[in-house]
>>> print(open('upload-v3.pdb').read())   # PDB, C-alpha atoms
ATOM      1  CA  MET A1066      -3.844 -28.042  29.576  1.00  0.00           C
ATOM      2  CA  MET A1067      -7.102 -26.125  29.969  1.00  0.00           C
ATOM      3  CA  ILE A1068      -5.190 -22.883  30.445  1.00  0.00           C
ATOM      4  CA  LEU A1069      -3.382 -23.434  27.152  1.00  0.00           C
ATOM      5  CA  TYR A1070      -6.704 -24.112  25.429  1.00  0.00           C
ATOM      6  CA  ALA A1071      -8.199 -20.935  26.917  1.00  0.00           C
ATOM      7  CA  VAL A1072      -5.238 -18.856  25.762  1.00  0.00           C
ATOM      8  CA  ILE A1073      -5.425 -20.254  22.235  1.00  0.00           C
ATOM      9  CA  VAL A1074      -9.162 -19.592  22.027  1.00  0.00           C
ATOM     10  CA  ALA A1075      -8.672 -16.103  23.456  1.00  0.00           C
ATOM     11  CA  LEU A1076      -6.165 -15.353  20.678  1.00  0.00           C
ATOM     12  CA  LEU A1077      -8.050 -17.001  17.821  1.00  0.00           C
ATOM     13  CA  ILE A1078     -11.355 -15.209  18.347  1.00  0.00           C
ATOM     14  CA  PRO A1079      -9.932 -11.669  17.876  1.00  0.00           C
ATOM     15  CA  ALA A1080      -7.821 -12.890  14.952  1.00  0.00           C
ATOM     16  CA  GLY A1081     -10.911 -14.314  13.277  1.00  0.00           C
ATOM     17  CA  ILE A1082     -12.827 -11.091  13.842  1.00  0.00           C
ATOM     18  CA  PHE A1083      -9.944  -9.072  12.398  1.00  0.00           C
ATOM     19  CA  VAL A1084      -9.761 -11.222   9.254  1.00  0.00           C
ATOM     20  CA  TYR A1085     -13.542 -11.072   8.807  1.00  0.00           C
ATOM     21  CA  ARG A1086     -13.622  -7.266   9.102  1.00  0.00           C
ATOM     22  CA  TYR A1087     -10.672  -6.941   6.712  1.00  0.00           C
ATOM     23  CA  VAL A1088     -12.362  -9.077   4.058  1.00  0.00           C
ATOM     24  CA  VAL A1089     -15.681  -7.247   4.487  1.00  0.00           C
ATOM     25  CA  MET A1090     -13.962  -3.862   4.156  1.00  0.00           C
ATOM     26  CA  CYS A1091     -12.168  -5.000   0.983  1.00  0.00           C
ATOM     27  CA  GLY A1092     -15.492  -6.223  -0.396  1.00  0.00           C
ATOM     28  CA  LYS A1093     -17.191  -2.888   0.263  1.00  0.00           C
ATOM     29  CA  ILE A1094     -14.410  -0.953  -1.460  1.00  0.00           C
ATOM     30  CA  LYS A1095     -14.478  -3.370  -4.423  1.00  0.00           C
ATOM     31  CA  LYS A1096     -18.243  -2.889  -4.780  1.00  0.00           C
ATOM     32  CA  ARG A1097     -17.820   0.882  -4.703  1.00  0.00           C
ATOM     33  CA  LEU A1098     -15.083   0.682  -7.342  1.00  0.00           C
ATOM     34  CA  LYS A1099     -17.338  -1.444  -9.570  1.00  0.00           C
ATOM     35  CA  VAL A1100     -20.124   1.119  -9.249  1.00  0.00           C
ATOM     36  CA  LEU A1101     -17.685   3.873 -10.223  1.00  0.00           C
ATOM     37  CA  GLY A1102     -16.725   1.961 -13.370  1.00  0.00           C
ATOM     38  CA  THR A1103     -13.366   0.424 -12.553  1.00  0.00           C
ATOM     39  CA  ALA A1104     -12.365  -2.355 -14.933  1.00  0.00           C
ATOM     40  CA  GLN A1105     -12.788  -5.870 -13.583  1.00  0.00           C
ATOM     41  CA  LYS A1106      -9.190  -6.634 -14.600  1.00  0.00           C
ATOM     42  CA  GLN A1107      -7.947  -4.146 -11.994  1.00  0.00           C
ATOM     43  CA  LEU A1108      -9.885  -5.944  -9.265  1.00  0.00           C
ATOM     44  CA  THR A1109      -8.395  -9.404  -9.744  1.00  0.00           C
ATOM     45  CA  PHE A1110      -7.308 -11.614  -6.850  1.00  0.00           C
ATOM     46  CA  PRO A1111      -3.828 -10.403  -5.888  1.00  0.00           C
ATOM     47  CA  LYS A1112      -4.895  -6.768  -5.850  1.00  0.00           C
ATOM     48  CA  SER A1113      -8.332  -7.437  -4.425  1.00  0.00           C
ATOM     49  CA  LEU A1114      -7.073  -8.233  -0.931  1.00  0.00           C
ATOM     50  CA  HIS A1115      -4.625  -5.357  -0.518  1.00  0.00           C
ATOM     51  CA  LEU A1116      -6.652  -2.834   1.428  1.00  0.00           C
ATOM     52  CA  ILE A1117      -4.247   0.068   0.912  1.00  0.00           C
ATOM     53  CA  GLN A1118      -4.165  -0.454  -2.857  1.00  0.00           C
ATOM     54  CA  LEU A1119      -7.958  -0.620  -2.980  1.00  0.00           C
ATOM     55  CA  GLN A1120      -8.258   2.565  -0.928  1.00  0.00           C
ATOM     56  CA  ASP A1121      -5.776   4.318  -3.239  1.00  0.00           C
ATOM     57  CA  MET A1122      -7.705   3.194  -6.306  1.00  0.00           C
ATOM     58  CA  LEU A1123     -10.960   4.414  -4.770  1.00  0.00           C
ATOM     59  CA  TYR A1124      -9.437   7.771  -3.880  1.00  0.00           C
ATOM     60  CA  GLU A1125      -8.056   8.210  -7.393  1.00  0.00           C
ATOM     61  CA  LYS A1126     -11.349   7.241  -9.029  1.00  0.00           C
ATOM     62  CA  GLU A1127     -13.399   9.541  -6.788  1.00  0.00           C
ATOM     63  CA  THR A1128     -10.953  12.414  -7.372  1.00  0.00           C
ATOM     64  CA  GLU A1129     -11.090  11.863 -11.114  1.00  0.00           C
ATOM     65  CA  MET A1130     -14.882  11.882 -11.079  1.00  0.00           C
ATOM     66  CA  ALA A1131     -14.986  15.011  -8.899  1.00  0.00           C
ATOM     67  CA  GLU A1132     -12.647  16.808 -11.295  1.00  0.00           C
ATOM     68  CA  GLU A1133     -14.792  15.820 -14.279  1.00  0.00           C
ATOM     69  CA  TYR A1134     -17.933  16.994 -12.477  1.00  0.00           C
ATOM     70  CA  PHE A1135     -16.318  20.295 -11.528  1.00  0.00           C
ATOM     71  CA  ILE A1136     -15.092  20.945 -15.074  1.00  0.00           C
ATOM     72  CA  THR A1137     -18.411  20.056 -16.729  1.00  0.00           C
ATOM     73  CA  LYS A1138     -20.516  22.092 -14.274  1.00  0.00           C
ATOM     74  CA  LEU A1139     -18.542  25.312 -14.807  1.00  0.00           C
TER      75      LEU A1139
END
>>> encode(input="upload-v3.pdb", output="structure tokens")
Amino acid sequence: MMILYAVIVALLIPAGIFVYRYVVMCGKIKKRLKVLGTAQKQLTFPKSLHLIQLQDMLYEKETEMAEEYFITKL
């Protein structure tokens, strides 16, 4: 019985760490998107926890801003 308990604990700790890091990473990207001026409607719950979608949105926003900066500075 103790071995089963040890195995469960050994599996739950890394899973908890993974979920925590995932949520923190999503939060950081959401904060960066807010600073860059993304509409709050685009950062609602279903989209807010899809890391790949958030990274794509951040890439698009940063690319758009870089293009605007490049065009205005020429």
>>> residues_around(input="upload-v3.pdb", residues="Gly1092 (chain A)", least_positions_apart="4", cutoff="12 Å", atoms="all atoms listed in the file", output="PDB file with C-alpha atoms, in the frame of the given file")
ATOM      1  CA  TYR A1085     -13.542 -11.072   8.807  1.00  0.00           C
ATOM      2  CA  ARG A1086     -13.622  -7.266   9.102  1.00  0.00           C
ATOM      3  CA  TYR A1087     -10.672  -6.941   6.712  1.00  0.00           C
ATOM      4  CA  VAL A1088     -12.362  -9.077   4.058  1.00  0.00           C
ATOM      5  CA  LYS A1096     -18.243  -2.889  -4.780  1.00  0.00           C
ATOM      6  CA  ARG A1097     -17.820   0.882  -4.703  1.00  0.00           C
ATOM      7  CA  LEU A1098     -15.083   0.682  -7.342  1.00  0.00           C
ATOM      8  CA  LYS A1099     -17.338  -1.444  -9.570  1.00  0.00           C
ATOM      9  CA  LEU A1108      -9.885  -5.944  -9.265  1.00  0.00           C
ATOM     10  CA  PHE A1110      -7.308 -11.614  -6.850  1.00  0.00           C
ATOM     11  CA  LYS A1112      -4.895  -6.768  -5.850  1.00  0.00           C
ATOM     12  CA  SER A1113      -8.332  -7.437  -4.425  1.00  0.00           C
ATOM     13  CA  LEU A1114      -7.073  -8.233  -0.931  1.00  0.00           C
ATOM     14  CA  HIS A1115      -4.625  -5.357  -0.518  1.00  0.00           C
ATOM     15  CA  LEU A1116      -6.652  -2.834   1.428  1.00  0.00           C
ATOM     16  CA  LEU A1119      -7.958  -0.620  -2.980  1.00  0.00           C
ATOM     17  CA  GLN A1120      -8.258   2.565  -0.928  1.00  0.00           C
TER      18      GLN A1120
END
>>> resolve_selection(input="upload-v3.pdb", expression="the PyMOL selection byres ((chain A and resi 1103) around 12)", output="CSV table (one decimal) with C-alpha atoms, in the frame of the given file")
chain,number,residue,atom,x,y,z
A,1094,ILE,CA,-14.4,-1.0,-1.5
A,1095,LYS,CA,-14.5,-3.4,-4.4
A,1096,LYS,CA,-18.2,-2.9,-4.8
A,1097,ARG,CA,-17.8,0.9,-4.7
A,1098,LEU,CA,-15.1,0.7,-7.3
A,1099,LYS,CA,-17.3,-1.4,-9.6
A,1100,VAL,CA,-20.1,1.1,-9.2
A,1101,LEU,CA,-17.7,3.9,-10.2
A,1102,GLY,CA,-16.7,2.0,-13.4
A,1104,ALA,CA,-12.4,-2.4,-14.9
A,1105,GLN,CA,-12.8,-5.9,-13.6
A,1106,LYS,CA,-9.2,-6.6,-14.6
A,1107,GLN,CA,-7.9,-4.1,-12.0
A,1108,LEU,CA,-9.9,-5.9,-9.3
A,1109,THR,CA,-8.4,-9.4,-9.7
A,1119,LEU,CA,-8.0,-0.6,-3.0
A,1122,MET,CA,-7.7,3.2,-6.3
A,1123,LEU,CA,-11.0,4.4,-4.8
A,1125,GLU,CA,-8.1,8.2,-7.4
A,1126,LYS,CA,-11.3,7.2,-9.0
A,1127,GLU,CA,-13.4,9.5,-6.8
A,1129,GLU,CA,-11.1,11.9,-11.1
A,1130,MET,CA,-14.9,11.9,-11.1
>>> atom_distance(input="upload-v3.pdb", atom1="CA of Ala1131 (chain A)", atom2="CA of Lys1093 (chain A)")
20.2 Å
>>> atom_distance(input="upload-v3.pdb", atom1="CA of Leu1076 (chain A)", atom2="CA of Ile1117 (chain A)")
25.1 Å
>>> axis_aligned_box(input="upload-v3.pdb", around="region 1080-1091 of chain A", padding_each_side="4 Å", output="lines of an AutoDock Vina configuration file")
center_x = -11.8
center_y = -9.1
center_z = 8.0
size_x = 15.9
size_y = 18.5
size_z = 22.0
>>> atom_distance(input="upload-v3.pdb", atom1="CA of Pro1111 (chain A)", atom2="CA of Met1090 (chain A)")
15.7 Å
>>> build_atoms(input="upload-v3.pdb", residues="region 1089-1100 of chain A", atoms="all heavy atoms", output="mmCIF file, in the coordinates of the input")
data_model
loop_
_atom_site.group_PDB
_atom_site.id
_atom_site.type_symbol
_atom_site.label_atom_id
_atom_site.label_comp_id
_atom_site.auth_asym_id
_atom_site.auth_seq_id
_atom_site.Cartn_x
_atom_site.Cartn_y
_atom_site.Cartn_z
ATOM 1 N N VAL A 1089 -14.453 -8.007 4.719
ATOM 2 C CA VAL A 1089 -15.681 -7.247 4.487
ATOM 3 C C VAL A 1089 -15.350 -5.841 3.990
ATOM 4 O O VAL A 1089 -15.982 -5.335 3.052
ATOM 5 C CB VAL A 1089 -16.547 -7.199 5.765
ATOM 6 C CG1 VAL A 1089 -17.656 -6.176 5.644
ATOM 7 C CG2 VAL A 1089 -17.117 -8.569 6.064
ATOM 8 N N MET A 1090 -14.354 -5.210 4.576
ATOM 9 C CA MET A 1090 -13.962 -3.862 4.156
ATOM 10 C C MET A 1090 -13.450 -3.879 2.709
ATOM 11 O O MET A 1090 -13.798 -3.002 1.913
ATOM 12 C CB MET A 1090 -12.895 -3.306 5.091
ATOM 13 C CG MET A 1090 -12.623 -1.826 4.893
ATOM 14 S SD MET A 1090 -11.412 -1.160 6.038
ATOM 15 C CE MET A 1090 -12.148 -1.540 7.608
ATOM 16 N N CYS A 1091 -12.645 -4.873 2.362
ATOM 17 C CA CYS A 1091 -12.168 -5.000 0.983
ATOM 18 C C CYS A 1091 -13.347 -5.197 0.031
ATOM 19 O O CYS A 1091 -13.377 -4.609 -1.056
ATOM 20 C CB CYS A 1091 -11.196 -6.168 0.851
ATOM 21 S SG CYS A 1091 -9.588 -5.870 1.589
ATOM 22 N N GLY A 1092 -14.313 -5.988 0.436
ATOM 23 C CA GLY A 1092 -15.492 -6.223 -0.396
ATOM 24 C C GLY A 1092 -16.291 -4.951 -0.631
ATOM 25 O O GLY A 1092 -16.773 -4.694 -1.742
ATOM 26 N N LYS A 1093 -16.451 -4.142 0.405
ATOM 27 C CA LYS A 1093 -17.191 -2.888 0.263
ATOM 28 C C LYS A 1093 -16.485 -1.937 -0.691
ATOM 29 O O LYS A 1093 -17.126 -1.292 -1.527
ATOM 30 C CB LYS A 1093 -17.373 -2.224 1.626
ATOM 31 C CG LYS A 1093 -18.378 -2.898 2.504
ATOM 32 C CD LYS A 1093 -18.525 -2.171 3.827
ATOM 33 C CE LYS A 1093 -19.520 -2.861 4.727
ATOM 34 N NZ LYS A 1093 -19.666 -2.173 6.019
ATOM 35 N N ILE A 1094 -15.166 -1.844 -0.576
ATOM 36 C CA ILE A 1094 -14.410 -0.953 -1.460
ATOM 37 C C ILE A 1094 -14.476 -1.473 -2.889
ATOM 38 O O ILE A 1094 -14.640 -0.692 -3.835
ATOM 39 C CB ILE A 1094 -12.962 -0.798 -0.977
ATOM 40 C CG1 ILE A 1094 -12.944 -0.049 0.361
ATOM 41 C CG2 ILE A 1094 -12.115 -0.065 -1.999
ATOM 42 C CD1 ILE A 1094 -11.583 0.049 1.008
ATOM 43 N N LYS A 1095 -14.390 -2.800 -3.084
ATOM 44 C CA LYS A 1095 -14.478 -3.370 -4.423
ATOM 45 C C LYS A 1095 -15.834 -3.083 -5.047
ATOM 46 O O LYS A 1095 -15.932 -2.730 -6.224
ATOM 47 C CB LYS A 1095 -14.232 -4.877 -4.384
ATOM 48 C CG LYS A 1095 -12.784 -5.255 -4.278
ATOM 49 C CD LYS A 1095 -12.577 -6.733 -4.146
ATOM 50 C CE LYS A 1095 -13.150 -7.504 -5.294
ATOM 51 N NZ LYS A 1095 -12.874 -8.933 -5.243
ATOM 52 N N LYS A 1096 -16.912 -3.188 -4.262
ATOM 53 C CA LYS A 1096 -18.243 -2.889 -4.780
ATOM 54 C C LYS A 1096 -18.345 -1.429 -5.189
ATOM 55 O O LYS A 1096 -18.908 -1.102 -6.232
ATOM 56 C CB LYS A 1096 -19.318 -3.210 -3.734
ATOM 57 C CG LYS A 1096 -19.583 -4.674 -3.559
ATOM 58 C CD LYS A 1096 -20.653 -4.906 -2.515
ATOM 59 C CE LYS A 1096 -20.833 -6.378 -2.237
ATOM 60 N NZ LYS A 1096 -21.811 -6.623 -1.166
ATOM 61 N N ARG A 1097 -17.785 -0.546 -4.381
ATOM 62 C CA ARG A 1097 -17.820 0.882 -4.703
ATOM 63 C C ARG A 1097 -17.028 1.162 -5.976
ATOM 64 O O ARG A 1097 -17.453 1.957 -6.819
ATOM 65 C CB ARG A 1097 -17.245 1.673 -3.529
ATOM 66 C CG ARG A 1097 -17.196 3.154 -3.735
ATOM 67 C CD ARG A 1097 -18.553 3.774 -3.561
ATOM 68 N NE ARG A 1097 -18.424 5.211 -3.686
ATOM 69 C CZ ARG A 1097 -19.232 5.960 -4.398
ATOM 70 N NH1 ARG A 1097 -20.263 5.423 -4.989
ATOM 71 N NH2 ARG A 1097 -19.057 7.241 -4.479
ATOM 72 N N LEU A 1098 -15.881 0.507 -6.128
ATOM 73 C CA LEU A 1098 -15.083 0.682 -7.342
ATOM 74 C C LEU A 1098 -15.825 0.176 -8.575
ATOM 75 O O LEU A 1098 -15.753 0.781 -9.647
ATOM 76 C CB LEU A 1098 -13.733 -0.014 -7.206
ATOM 77 C CG LEU A 1098 -12.713 0.689 -6.314
ATOM 78 C CD1 LEU A 1098 -11.548 -0.247 -6.002
ATOM 79 C CD2 LEU A 1098 -12.220 1.964 -6.956
ATOM 80 N N LYS A 1099 -16.557 -0.933 -8.444
ATOM 81 C CA LYS A 1099 -17.338 -1.444 -9.570
ATOM 82 C C LYS A 1099 -18.429 -0.458 -9.955
ATOM 83 O O LYS A 1099 -18.667 -0.226 -11.135
ATOM 84 C CB LYS A 1099 -17.963 -2.796 -9.211
ATOM 85 C CG LYS A 1099 -16.978 -3.931 -9.188
ATOM 86 C CD LYS A 1099 -17.664 -5.223 -8.827
ATOM 87 C CE LYS A 1099 -16.681 -6.358 -8.655
ATOM 88 N NZ LYS A 1099 -17.350 -7.594 -8.234
ATOM 89 N N VAL A 1100 -19.078 0.138 -8.975
ATOM 90 C CA VAL A 1100 -20.124 1.119 -9.249
ATOM 91 C C VAL A 1100 -19.533 2.332 -9.963
ATOM 92 O O VAL A 1100 -20.171 2.909 -10.856
ATOM 93 C CB VAL A 1100 -20.828 1.546 -7.938
ATOM 94 C CG1 VAL A 1100 -21.703 2.765 -8.146
ATOM 95 C CG2 VAL A 1100 -21.648 0.394 -7.377
#
